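run-v4.txt follows; it contains compact mmCIF, C-alpha atoms and all ligand atoms.
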```txt
# COMPACT_ATOMS: atom_id res chain seq x y z
CA MET A 805 24.71 33.23 15.85
CA PHE A 806 26.63 30.03 16.18
CA LYS A 807 30.33 30.78 15.67
CA GLY A 808 31.16 27.44 14.09
CA THR A 809 33.58 24.75 15.09
CA GLU A 810 36.95 23.63 13.81
CA ILE A 811 35.30 20.43 12.67
CA LYS A 812 35.14 19.81 8.93
CA PRO A 813 31.60 19.49 7.56
CA PHE A 814 30.51 16.10 6.17
CA GLU A 815 30.90 15.87 2.42
CA ASN A 816 27.48 14.28 2.05
CA LYS A 817 24.72 15.60 4.22
CA ILE A 818 23.58 13.46 7.15
CA TRP A 819 19.81 13.57 7.13
CA LEU A 820 17.35 13.44 9.98
CA ALA A 821 15.79 10.37 8.35
CA SER A 822 16.02 9.55 4.66
CA PRO A 823 14.95 6.59 2.53
CA THR A 824 17.18 3.51 2.70
CA MET A 825 16.74 1.36 -0.41
CA HIS A 826 17.83 -2.24 -0.83
CA GLY A 827 17.26 -3.19 -4.48
CA GLU A 828 14.21 -5.41 -4.18
CA GLU A 829 12.02 -2.32 -4.51
CA LEU A 830 13.12 -2.03 -8.15
CA LYS A 831 12.21 -5.64 -8.89
CA TYR A 832 8.60 -5.15 -7.75
CA MET A 833 8.29 -1.77 -9.48
CA GLN A 834 9.54 -3.37 -12.66
CA GLU A 835 7.06 -6.19 -12.26
CA ALA A 836 4.27 -3.62 -12.12
CA TYR A 837 5.64 -2.09 -15.30
CA GLU A 838 6.10 -5.31 -17.18
CA THR A 839 2.69 -6.69 -16.30
CA ASN A 840 1.22 -3.25 -17.13
CA TRP A 841 -0.45 -2.88 -13.74
CA MET A 842 0.55 0.78 -13.76
CA SER A 843 -2.54 1.62 -11.80
CA THR A 844 -4.16 1.61 -8.40
CA VAL A 845 -4.84 -2.10 -8.84
CA GLY A 846 -2.31 -4.92 -8.86
CA ALA A 847 -0.36 -7.66 -7.16
CA ASN A 848 1.93 -5.33 -5.20
CA ILE A 849 -1.05 -3.66 -3.54
CA ASN A 850 -2.62 -6.98 -2.56
CA GLU A 851 0.70 -8.22 -1.29
CA VAL A 852 1.55 -5.18 0.88
CA GLU A 853 -1.92 -5.27 2.42
CA LYS A 854 -1.35 -8.91 3.30
CA ILE A 855 2.15 -8.31 4.67
CA THR A 856 0.89 -5.40 6.77
CA CYS A 857 -1.83 -7.55 8.36
CA GLU A 858 0.69 -10.30 9.09
CA LYS A 859 3.19 -7.87 10.57
CA ILE A 860 0.81 -5.84 12.70
CA GLY A 861 -1.79 -8.46 13.50
CA CYS A 862 -4.83 -6.60 12.22
CA SER A 863 -7.48 -8.33 10.11
CA TYR A 864 -7.68 -5.73 7.32
CA ALA A 865 -5.35 -3.17 5.79
CA VAL A 866 -6.33 -0.82 2.97
CA ALA A 867 -3.41 0.62 0.97
CA LEU A 868 -3.79 4.35 0.39
CA ALA A 869 -1.91 7.24 -1.19
CA SER A 870 -0.61 8.57 2.13
CA GLY A 871 -0.82 8.32 5.88
CA THR A 872 -2.81 11.54 5.79
CA ALA A 873 -5.39 9.92 3.49
CA ALA A 874 -5.59 6.97 5.90
CA LEU A 875 -6.14 9.31 8.84
CA HIS A 876 -8.73 11.27 6.90
CA LEU A 877 -10.79 8.20 6.06
CA ALA A 878 -10.34 6.76 9.57
CA ILE A 879 -11.57 9.99 11.15
CA LYS A 880 -14.42 10.36 8.66
CA LEU A 881 -15.46 6.77 9.29
CA ALA A 882 -15.37 7.24 13.04
CA GLY A 883 -17.51 10.37 12.58
CA GLU A 884 -20.08 8.50 10.52
CA ARG A 885 -20.16 5.60 12.98
CA LEU A 886 -20.81 8.05 15.80
CA TYR A 887 -23.03 10.66 14.23
CA GLY A 888 -24.43 9.04 11.07
CA GLN A 889 -23.84 9.81 7.42
CA PRO A 890 -23.60 13.57 6.90
CA LYS A 891 -26.05 15.43 4.69
CA ALA A 892 -24.84 16.32 1.20
CA ASN A 893 -22.17 19.04 1.24
CA HIS A 894 -21.44 18.55 4.92
CA GLY A 895 -18.59 16.98 6.88
CA ALA A 896 -18.95 13.98 9.16
CA LEU A 897 -17.84 15.89 12.27
CA GLU A 898 -19.72 19.15 11.93
CA GLY A 899 -20.70 20.55 15.29
CA HIS A 900 -18.50 18.04 17.13
CA LYS A 901 -15.34 18.39 19.14
CA VAL A 902 -12.62 15.75 18.91
CA PHE A 903 -9.83 15.21 21.44
CA CYS A 904 -6.45 15.14 19.68
CA SER A 905 -2.78 14.65 20.48
CA ASP A 906 -1.17 18.06 20.78
CA MET A 907 2.52 17.37 20.24
CA THR A 908 2.39 15.71 16.84
CA PHE A 909 2.63 16.41 13.12
CA ASP A 910 -0.35 18.39 11.84
CA ALA A 911 -1.44 15.53 9.57
CA THR A 912 -2.73 13.80 12.71
CA VAL A 913 -5.28 16.51 13.39
CA ASN A 914 -6.04 18.25 10.08
CA PRO A 915 -8.58 15.59 8.99
CA VAL A 916 -10.77 16.60 11.92
CA ALA A 917 -11.04 20.03 10.29
CA TYR A 918 -11.47 18.47 6.80
CA GLU A 919 -14.65 16.91 8.20
CA GLY A 920 -15.84 20.13 9.82
CA GLY A 921 -15.00 19.10 13.39
CA GLU A 922 -13.14 21.05 16.01
CA ALA A 923 -9.96 19.66 17.53
CA VAL A 924 -9.50 20.05 21.28
CA PHE A 925 -5.82 19.53 22.03
CA ILE A 926 -4.79 17.33 24.92
CA ASP A 927 -1.48 18.08 26.59
CA THR A 928 1.52 15.74 26.57
CA GLU A 929 3.11 13.72 29.40
CA TYR A 930 6.84 13.57 30.14
CA ASP A 931 7.15 9.76 30.30
CA THR A 932 6.65 8.99 26.58
CA TRP A 933 6.00 12.46 25.06
CA ASN A 934 2.52 11.40 23.99
CA MET A 935 -1.06 12.27 24.97
CA ASP A 936 -1.43 12.55 28.75
CA PRO A 937 -4.21 10.27 30.07
CA VAL A 938 -4.69 12.61 33.05
CA ALA A 939 -5.28 15.59 30.76
CA LEU A 940 -7.57 13.39 28.62
CA GLU A 941 -9.70 12.52 31.65
CA LYS A 942 -9.82 16.22 32.51
CA ALA A 943 -10.99 16.98 28.98
CA PHE A 944 -13.91 14.53 29.33
CA GLU A 945 -14.90 16.35 32.54
CA ILE A 946 -14.94 19.66 30.68
CA TYR A 947 -16.50 18.32 27.44
CA PRO A 948 -18.53 15.24 28.42
CA ASP A 949 -20.19 15.02 24.98
CA VAL A 950 -17.00 14.21 23.10
CA THR A 951 -16.85 10.64 21.73
CA LEU A 952 -13.80 10.60 19.48
CA VAL A 953 -10.10 10.64 20.36
CA VAL A 954 -7.22 10.85 17.87
CA MET A 955 -3.87 9.86 19.33
CA ALA A 956 -0.36 9.50 17.93
CA HIS A 957 2.81 7.66 18.97
CA LEU A 958 5.46 10.34 18.58
CA TYR A 959 8.89 9.53 17.10
CA GLY A 960 8.10 5.80 17.19
CA THR A 961 7.60 5.57 20.95
CA PRO A 962 4.27 4.08 22.03
CA GLY A 963 2.15 6.25 24.29
CA LYS A 964 0.45 5.15 27.52
CA VAL A 965 -1.96 2.95 25.65
CA ASP A 966 -3.66 1.13 28.56
CA GLU A 967 -4.33 4.31 30.48
CA LEU A 968 -5.56 6.20 27.42
CA ARG A 969 -7.75 3.30 26.33
CA ALA A 970 -9.22 3.01 29.83
CA VAL A 971 -10.23 6.69 29.80
CA CYS A 972 -11.72 6.34 26.31
CA ASP A 973 -13.63 3.16 27.23
CA LYS A 974 -14.98 4.77 30.39
CA HIS A 975 -16.46 7.56 28.28
CA GLY A 976 -17.51 5.34 25.37
CA ALA A 977 -15.23 7.10 22.90
CA LEU A 978 -13.88 5.69 19.65
CA VAL A 979 -10.12 5.88 19.11
CA VAL A 980 -8.25 6.67 15.91
CA GLU A 981 -4.62 5.68 16.34
CA ASP A 982 -1.95 7.48 14.34
CA ALA A 983 0.88 4.98 14.07
CA ALA A 984 2.48 6.82 11.12
CA GLU A 985 5.81 7.19 12.90
CA SER A 986 5.73 3.97 14.92
CA LEU A 987 5.47 1.10 12.42
CA GLY A 988 7.07 -1.95 14.05
CA ALA A 989 6.99 -0.53 17.59
CA THR A 990 5.29 -2.63 20.26
CA TYR A 991 3.45 -1.89 23.49
CA LYS A 992 3.41 -4.83 25.91
CA GLY A 993 4.30 -7.05 22.97
CA VAL A 994 1.51 -5.81 20.69
CA GLN A 995 2.22 -3.76 17.58
CA THR A 996 1.10 -0.14 17.46
CA GLY A 997 -1.78 0.14 15.02
CA MET A 998 -3.71 -2.46 17.03
CA PHE A 999 -4.97 -0.13 19.74
CA GLY A 1000 -7.35 2.17 17.92
CA ASP A 1001 -10.76 1.27 16.56
CA TYR A 1002 -9.09 2.47 13.37
CA ALA A 1003 -5.44 3.12 12.77
CA ALA A 1004 -3.17 4.66 10.16
CA ILE A 1005 0.43 3.98 9.17
CA SER A 1006 2.60 5.90 6.70
CA PHE A 1007 5.20 5.06 4.06
CA ASN A 1008 6.30 8.64 3.51
CA GLY A 1009 9.93 9.12 2.44
CA ASN A 1010 11.22 9.88 5.92
CA LYS A 1011 9.49 7.04 7.79
CA ILE A 1012 11.07 3.81 9.09
CA ILE A 1013 10.29 2.09 5.78
CA THR A 1014 9.00 3.94 2.75
CA GLY A 1015 7.20 3.66 -0.55
CA SER A 1016 8.38 7.22 -1.37
CA SER A 1017 4.83 7.97 -0.29
CA GLY A 1018 1.84 5.91 0.76
CA GLY A 1019 -0.08 4.89 3.83
CA MET A 1020 -2.52 2.34 5.14
CA PHE A 1021 -5.80 2.20 6.98
CA LEU A 1022 -6.00 -0.63 9.53
CA THR A 1023 -9.03 -2.23 11.16
CA ASN A 1024 -10.36 -5.55 12.41
CA ASN A 1025 -13.76 -4.92 10.86
CA LYS A 1026 -14.41 -6.18 7.33
CA GLU A 1027 -17.27 -3.79 6.67
CA ASP A 1028 -15.16 -0.81 7.70
CA ALA A 1029 -12.31 -1.92 5.46
CA ASN A 1030 -14.74 -2.21 2.54
CA ILE A 1031 -16.16 1.26 3.12
CA VAL A 1032 -12.72 2.83 3.23
CA ARG A 1033 -11.65 0.97 0.08
CA LYS A 1034 -14.77 2.23 -1.67
CA TRP A 1035 -14.31 5.83 -0.52
CA SER A 1036 -10.68 5.72 -1.61
CA THR A 1037 -11.70 4.81 -5.17
CA GLN A 1038 -14.20 7.64 -5.71
CA SER A 1039 -17.11 5.82 -4.04
CA ARG A 1040 -18.20 4.19 -7.25
CA GLU A 1041 -21.36 2.16 -6.90
CA ASP A 1042 -21.90 -1.20 -8.52
CA ALA A 1043 -23.42 0.03 -11.79
CA ALA A 1044 -22.46 0.07 -15.47
CA TRP A 1045 -22.02 3.87 -15.41
CA TYR A 1046 -20.35 6.06 -12.81
CA GLN A 1047 -22.96 6.02 -10.09
CA HIS A 1048 -22.31 7.89 -6.83
CA GLU A 1049 -24.29 7.82 -3.62
CA GLU A 1050 -21.70 9.38 -1.35
CA MET A 1051 -18.54 11.48 -1.36
CA GLY A 1052 -15.50 9.85 -2.91
CA TYR A 1053 -11.74 10.37 -2.94
CA ASN A 1054 -8.85 9.40 -5.14
CA TYR A 1055 -6.85 7.99 -2.25
CA ARG A 1056 -5.84 4.50 -3.36
CA MET A 1057 -2.17 3.49 -3.37
CA SER A 1058 -0.46 3.10 -6.74
CA ASN A 1059 0.74 -0.40 -7.62
CA VAL A 1060 4.18 1.07 -8.43
CA ILE A 1061 4.45 2.65 -4.98
CA ALA A 1062 3.20 -0.59 -3.45
CA GLY A 1063 6.15 -2.29 -5.18
CA VAL A 1064 8.54 -0.05 -3.27
CA VAL A 1065 6.78 -0.77 0.02
CA ARG A 1066 6.83 -4.50 -0.78
CA GLY A 1067 10.57 -4.38 -1.33
CA GLN A 1068 11.09 -2.46 1.92
CA TYR A 1069 9.07 -4.63 4.29
CA PRO A 1070 11.71 -7.38 4.67
CA TYR A 1071 14.07 -4.68 6.00
CA LEU A 1072 11.79 -3.19 8.65
CA GLU A 1073 13.44 -5.05 11.52
CA GLU A 1074 16.91 -4.23 10.20
CA HIS A 1075 16.02 -0.53 10.05
CA ILE A 1076 14.68 -0.66 13.60
CA ALA A 1077 17.88 -2.35 14.83
CA GLN A 1078 19.98 0.35 13.12
CA LYS A 1079 17.84 3.12 14.62
CA LYS A 1080 18.08 1.54 18.04
CA ALA A 1081 21.87 1.40 17.77
CA ILE A 1082 21.86 5.11 16.86
CA TYR A 1083 19.74 5.90 19.92
CA GLU A 1084 22.03 3.88 22.20
CA ARG A 1085 25.13 5.50 20.76
CA TYR A 1086 23.76 8.98 21.40
CA LYS A 1087 22.73 7.96 24.90
CA GLU A 1088 26.24 6.72 25.65
CA GLY A 1089 28.04 9.53 23.83
CA LEU A 1090 26.08 12.33 25.46
CA LYS A 1091 26.50 10.92 28.97
CA GLY A 1092 27.44 13.49 31.57
CA LEU A 1093 25.80 16.38 29.71
CA PRO A 1094 22.79 18.06 31.36
CA ILE A 1095 20.41 16.39 28.91
CA LYS A 1096 18.20 13.33 28.59
CA MET A 1097 17.31 11.23 25.60
CA ASN A 1098 13.63 10.94 24.61
CA PRO A 1099 12.08 8.67 27.23
CA ILE A 1100 11.16 5.02 26.81
CA GLU A 1101 8.94 3.03 29.17
CA ASP A 1102 9.92 -0.55 30.12
CA TYR A 1103 6.77 -2.08 28.65
CA ALA A 1104 7.31 -0.56 25.22
CA GLU A 1105 9.75 -1.37 22.44
CA PRO A 1106 9.89 1.69 20.16
CA ASN A 1107 10.98 1.56 16.54
CA TYR A 1108 13.49 4.31 17.46
CA TRP A 1109 12.53 6.25 14.34
CA LEU A 1110 14.06 9.48 15.63
CA SER A 1111 16.55 9.98 18.43
CA CYS A 1112 15.76 13.10 20.40
CA MET A 1113 17.17 14.86 23.41
CA ILE A 1114 15.89 17.35 25.95
CA LEU A 1115 18.06 19.78 27.91
CA ASP A 1116 17.71 20.01 31.66
CA LYS A 1117 16.01 23.27 32.66
CA HIS A 1118 19.07 24.60 34.49
CA ALA A 1119 21.24 24.02 31.42
CA MET A 1120 19.17 26.20 29.09
CA CYS A 1121 20.76 29.44 27.92
CA LYS A 1122 18.34 32.20 26.97
CA GLN A 1123 16.42 31.30 23.80
CA VAL A 1124 13.58 33.27 22.25
CA ARG A 1125 11.47 31.95 19.41
CA GLY A 1126 9.31 34.08 17.15
CA GLU A 1127 6.94 32.63 14.55
CA LYS A 1128 9.69 31.74 12.12
CA ASP A 1129 13.07 32.42 13.64
CA ALA A 1130 14.86 32.03 16.91
CA LEU A 1131 17.58 33.84 18.82
CA TYR A 1132 19.66 32.81 21.78
CA ILE A 1133 22.47 34.09 23.94
CA THR A 1134 25.41 31.74 24.37
CA GLU A 1135 26.44 31.04 27.91
CA SER A 1136 29.25 28.83 29.11
CA GLY A 1137 28.14 25.47 30.47
CA LYS A 1138 24.68 26.00 28.94
CA SER A 1139 23.06 25.62 25.55
CA CYS A 1140 19.65 25.42 23.86
CA PRO A 1141 18.04 23.57 20.94
CA THR A 1142 18.63 26.52 18.58
CA GLU A 1143 22.35 26.54 19.28
CA ILE A 1144 22.69 22.77 19.03
CA LEU A 1145 20.75 22.68 15.76
CA GLU A 1146 23.00 25.39 14.33
CA ALA A 1147 26.05 23.46 15.45
CA ILE A 1148 24.74 20.30 13.81
CA ALA A 1149 23.89 22.21 10.63
CA SER A 1150 27.41 23.71 10.55
CA ILE A 1151 28.85 20.24 9.89
CA ASN A 1152 26.28 19.50 7.19
CA ALA A 1153 23.94 17.35 9.27
CA GLU A 1154 20.22 17.76 9.82
CA GLY A 1155 18.48 17.97 13.17
CA ARG A 1156 15.06 19.51 13.82
CA PRO A 1157 13.19 21.15 16.66
CA ILE A 1158 10.59 19.03 18.43
CA TRP A 1159 7.29 19.09 16.47
CA LYS A 1160 5.72 22.38 17.54
CA PRO A 1161 2.60 21.59 19.54
CA MET A 1162 -0.69 22.09 17.72
CA HIS A 1163 -2.07 24.47 20.34
CA MET A 1164 0.82 26.82 19.59
CA GLN A 1165 0.27 26.76 15.81
CA PRO A 1166 -1.21 29.95 14.35
CA MET A 1167 -3.95 27.99 12.56
CA TYR A 1168 -5.07 26.23 15.75
CA ARG A 1169 -4.43 28.92 18.31
CA THR A 1170 -8.09 29.54 19.04
CA ASN A 1171 -8.88 25.85 19.63
CA ALA A 1172 -9.24 24.65 23.18
CA PHE A 1173 -6.24 23.06 24.87
CA VAL A 1174 -6.53 20.94 28.00
CA THR A 1175 -3.63 20.34 30.37
CA ALA A 1176 -3.49 17.93 33.29
CA SER A 1177 -3.66 20.82 35.70
CA GLY A 1178 -6.47 22.74 34.05
CA ASN A 1179 -7.99 24.00 30.86
CA GLY A 1180 -5.40 26.09 29.04
CA ARG A 1181 -6.03 28.23 26.00
CA ALA A 1182 -3.85 28.09 23.01
CA GLY A 1183 -0.35 28.70 24.28
CA SER A 1184 -1.67 31.48 26.45
CA ASN A 1185 1.13 32.22 28.84
CA ALA A 1186 -1.18 34.57 30.72
CA TYR A 1187 -3.61 31.73 31.36
CA ILE A 1188 -0.84 29.41 32.37
CA GLN A 1189 0.64 31.94 34.76
CA GLU A 1190 -2.76 32.82 36.20
CA THR A 1191 -3.75 29.25 36.90
CA GLY A 1192 -0.40 27.61 37.44
CA ALA A 1193 -1.29 25.18 34.65
CA VAL A 1194 1.77 23.46 33.30
CA ASP A 1195 2.03 23.35 29.52
CA ILE A 1196 4.17 20.24 29.08
CA GLY A 1197 4.08 20.31 25.27
CA ALA A 1198 5.42 23.88 25.18
CA ASP A 1199 8.13 22.90 27.64
CA ILE A 1200 9.33 19.90 25.61
CA PHE A 1201 9.23 22.06 22.47
CA GLU A 1202 11.32 24.72 24.23
CA ARG A 1203 14.00 22.34 25.53
CA GLY A 1204 13.98 19.43 23.09
CA LEU A 1205 15.29 18.62 19.62
CA CYS A 1206 15.49 15.75 17.14
CA LEU A 1207 18.98 14.52 16.31
CA PRO A 1208 20.27 13.29 12.95
CA SER A 1209 18.86 9.73 12.94
CA ASP A 1210 19.50 8.45 9.45
CA ASN A 1211 20.22 4.73 9.41
CA LYS A 1212 22.97 5.19 6.81
CA MET A 1213 24.96 7.39 9.21
CA THR A 1214 28.17 5.60 10.26
CA SER A 1215 29.21 5.39 13.89
CA GLU A 1216 32.24 7.58 13.04
CA GLN A 1217 29.95 10.25 11.64
CA GLN A 1218 27.71 9.99 14.67
CA ASP A 1219 30.71 10.43 16.94
CA VAL A 1220 31.50 13.71 15.17
CA ILE A 1221 27.93 14.88 15.75
CA ILE A 1222 28.22 13.91 19.42
CA THR A 1223 31.48 15.88 19.71
CA VAL A 1224 29.84 18.95 18.19
CA ILE A 1225 26.91 18.70 20.60
CA ARG A 1226 29.28 18.37 23.56
CA LYS A 1227 31.09 21.52 22.45
CA CYS A 1228 27.84 23.50 22.78
CA PHE A 1229 27.98 22.98 26.55
CA GLU A 1230 31.61 24.05 26.96
C1 LIG A 1301 4.16 11.38 8.56
C2 LIG A 1301 3.03 11.51 9.50
C3 LIG A 1301 1.71 11.53 9.07
C4 LIG A 1301 1.32 11.63 7.64
O1 LIG A 1301 1.72 10.63 6.84
P1 LIG A 1301 1.92 10.93 5.26
O2 LIG A 1301 2.12 9.58 4.69
O3 LIG A 1301 3.12 11.81 5.15
O4 LIG A 1301 0.69 11.58 4.77
C5 LIG A 1301 0.72 11.56 10.02
N1 LIG A 1301 1.00 11.60 11.31
C6 LIG A 1301 2.25 11.61 11.78
C7 LIG A 1301 2.48 11.62 13.25
C8 LIG A 1301 3.32 11.58 10.89
O5 LIG A 1301 4.57 11.65 11.33
```
What would the structure in this file look like if it were written as structure tokens?
Amino acid sequence: MFKGTEIKPFENKIWLASPTMHGEELKYMQEAYETNWMSTVGANINEVEKITCEKIGCSYAVALASGTAALHLAIKLAGERLYGQPKANHGALEGHKVFCSDMTFDATVNPVAYEGGEAVFIDTEYDTWNMDPVALEKAFEIYPDVTLVVMAHLYGTPGKVDELRAVCDKHGALVVEDAAESLGATYKGVQTGMFGDYAAISFNGNKIITGSSGGMFLTNNKEDANIVRKWSTQSREDAAWYQHEEMGYNYRMSNVIAGVVRGQYPYLEEHIAQKKAIYERYKEGLKGLPIKMNPIEDYAEPNYWLSCMILDKHAMCKQVRGEKDALYITESGKSCPTEILEAIASINAEGRPIWKPMHMQPMYRTNAFVTASGNGRAGSNAYIQETGAVDIGADIFERGLCLPSDNKMTSEQQDVIITVIRKCFE
């Protein structure tokens, strides 16, 4: 157990990432109310779709209830484009494997299972903490029939887009890009959300800007945008009665929620600047400790959604994680994510472990997992020891953590957090 520090806890909790409102959100919500467009139709929806296209550079954006809904319809659409419309009562990916980012939030990969497909997890690289193009190429060698790849940009840092895209193009695979965490981030000057055949963004409460909930499907293809819009409104056909030829969903964004998103958009760049300042302050403040901040490549400009750190291997005290709890043994000069997170929590601030890789999750443990050095199975240490395969995702999970990154945190408050982290290494 963490023994605590002398430092007084913050009166108001410092969150990992919480909504930051500006007032204009209320104006657009009220407009929805006063014009009685209290529905999944209305001016706010049209406007946020337009703003999204302008911001990201895509031709079409379809406003949906969540980023998960956007990913679901993107993945279903990719499945239908590749394998045709499924028979009644069947998913679009049945009998098919799909290569997926491994170190991500489960919403990236669950839609593959919604559609009856089987996710094959691709290990992570150390340079950006995203899907490793080398492991992806390896996966195509092992499973040459796969034609769909779902990739995410973790914590707002763009992955190795050119390399990943080159591997996908070589094998004729479609790409679904999960830009839920990376709205506003650019790779070689181009916004994330522009690299997949289909992409998804999110306006969940903890994201860089929020609608309280909400998401968007992005594409450059008009027909695809129309299909997704139709699916998202119960797949109603053009008839006087409710006529249905295919599966539908109630996935459209509410016009009230769209009002919140509309009010937030003008502040996206301000939020990114605040998050960047937080990242830089941590980087400076933690200097000299045996740690590194989450990596950034020169050609990318992240949105700095979350600041993270990873301990050097030699600075790790013993830490053991079960399914739901963790223990560690304190050691002078060393620390571990569990200790640091307890220390942060003791002053009423919120950090979080790195997103636990999908191949280590109980529900996905039997899925295949491909590392750059070989085909690994589901967090199998035995396999990894036998083959010398390196499980990079498991390693980052073991040594890394997300730091309080709320843009309303003051620099004084952040300094206190930095002090508390430094104390863990004393
Ligand atoms: C938040 C998130 C999602 C899901 O978005 P929701 O709007 O919460 O449904 C998907 N993928 C990643 C990587 C996310 O962080």
Counting only C-alpha atoms and all ligand atoms, which residues of chain A sit at most 6 Å from some atom of ligand LIG 1301 (chain A), and what is each one's closest atom pair with its distance in Å to one decimal, listed by chain and rising residue number, as CSV?
```
residue,atom,partner,partner_atom,distance
A:Ser870,CA,A:LIG1301,O2,3.9
A:Gly871,CA,A:LIG1301,O2,3.4
A:Thr872,CA,A:LIG1301,O4,3.6
A:Thr908,CA,A:LIG1301,C7,5.4
A:Phe909,CA,A:LIG1301,C7,4.8
A:Ala911,CA,A:LIG1301,C5,4.5
A:Thr912,CA,A:LIG1301,N1,4.6
A:Ala956,CA,A:LIG1301,C7,5.9
A:Asp982,CA,A:LIG1301,N1,5.9
A:Ala984,CA,A:LIG1301,C8,4.8
A:Glu985,CA,A:LIG1301,O5,4.9
A:Ser1006,CA,A:LIG1301,O2,4.2
A:Phe1007,CA,A:LIG1301,O2,5.5
A:Asn1008,CA,A:LIG1301,O2,4.4
A:Ser1017,CA,A:LIG1301,O2,5.9
A:Gly1018,CA,A:LIG1301,O2,5.4
A:Gly1019,CA,A:LIG1301,O2,5.3
```
Output the selection as a PDB file, in the frame of the given file - C-alpha atoms for each residue.
```pdb
ATOM      1  CA  SER A 870      -0.610   8.570   2.130  1.00  0.00           C
ATOM      2  CA  GLY A 871      -0.820   8.320   5.880  1.00  0.00           C
ATOM      3  CA  THR A 872      -2.810  11.540   5.790  1.00  0.00           C
ATOM      4  CA  THR A 908       2.390  15.710  16.840  1.00  0.00           C
ATOM      5  CA  PHE A 909       2.630  16.410  13.120  1.00  0.00           C
ATOM      6  CA  ALA A 911      -1.440  15.530   9.570  1.00  0.00           C
ATOM      7  CA  THR A 912      -2.730  13.800  12.710  1.00  0.00           C
ATOM      8  CA  ALA A 956      -0.360   9.500  17.930  1.00  0.00           C
ATOM      9  CA  ASP A 982      -1.950   7.480  14.340  1.00  0.00           C
ATOM     10  CA  ALA A 984       2.480   6.820  11.120  1.00  0.00           C
ATOM     11  CA  GLU A 985       5.810   7.190  12.900  1.00  0.00           C
ATOM     12  CA  SER A1006       2.600   5.900   6.700  1.00  0.00           C
ATOM     13  CA  PHE A1007       5.200   5.060   4.060  1.00  0.00           C
ATOM     14  CA  ASN A1008       6.300   8.640   3.510  1.00  0.00           C
ATOM     15  CA  SER A1017       4.830   7.970  -0.290  1.00  0.00           C
ATOM     16  CA  GLY A1018       1.840   5.910   0.760  1.00  0.00           C
ATOM     17  CA  GLY A1019      -0.080   4.890   3.830  1.00  0.00           C
TER      18      GLY A1019
END
```
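If you look at CA of Glu853 (chain A) and CA of Met1057 (chain A), they are 10.5 Å away from each other.
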> Could you name the residues that touch Gly1126 (chain A) at 12 Å or less, counting all atoms listed in the file, but leaving out those on the same chain fewer than 2 positions away, as a list in words?
Replying inline: Gln1123, Val1124, Lys1128, Asp1129, Ala1130, Leu1131, Tyr1132, Met1164, Gln1165, Pro1166 and Glu1202 of chain A
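Separating CA of Asn1059 (chain A) from CA of Trp1045 (chain A) is a distance of 24.4 Å.
If you count only C-alpha atoms and draw a sphere of 6 Å around (22.6, 17.1, 9.3), the protein and nucleic acid residues inside it come out as Lys817, Ile818, Trp819, Ile1148, Ala1149, Asn1152, Ala1153, Glu1154, Gly1155 and Pro1208 of chain A.
One finds CA of Cys1121 (chain A) at 6.4 Å from CA of Ile1133 (chain A).
Among the candidates A:Pro1099, A:Gly976, A:Gly883, A:Pro1157, the residue lying nearest to Leu1145 (chain A) is A:Pro1157 (atoms considered: only C-alpha atoms).
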> With only C-alpha atoms as the atoms that count, which of A:Lys880, A:Lys1079, A:Lys1117, A:Arg1085 lies nearest to Asn1211 (chain A)?
Replying inline: A:Lys1079
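Residue nearest Val1032 (chain A), chosen from A:Met1097, A:Met998, A:Leu881, A:Ile1013 and counting only C-alpha atoms: A:Leu881.
The shortest atom-to-atom distance to Thr932 (chain A), with only C-alpha atoms taken into account, belongs to A:Asn1098 out of A:Gln1038, A:Ser1215, A:Ser1139, A:Asn1098.
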> Which of these residues is nearest to Lys1091 (chain A), using only C-alpha atoms: A:Ser905, A:Thr1223, A:Thr844, A:Ser1058?
Replying inline: A:Thr1223
Around region 980-996 of chain A, fit a box with edges along x, y and z, padding it by 6 Å on each side, then list its centre and edge lengths in Å to one decimal as JSON.
```
{"center_x": -0.6, "center_y": 0.2, "center_z": 18.5, "size_x": 27.3, "size_y": 26.5, "size_z": 26.8}
```
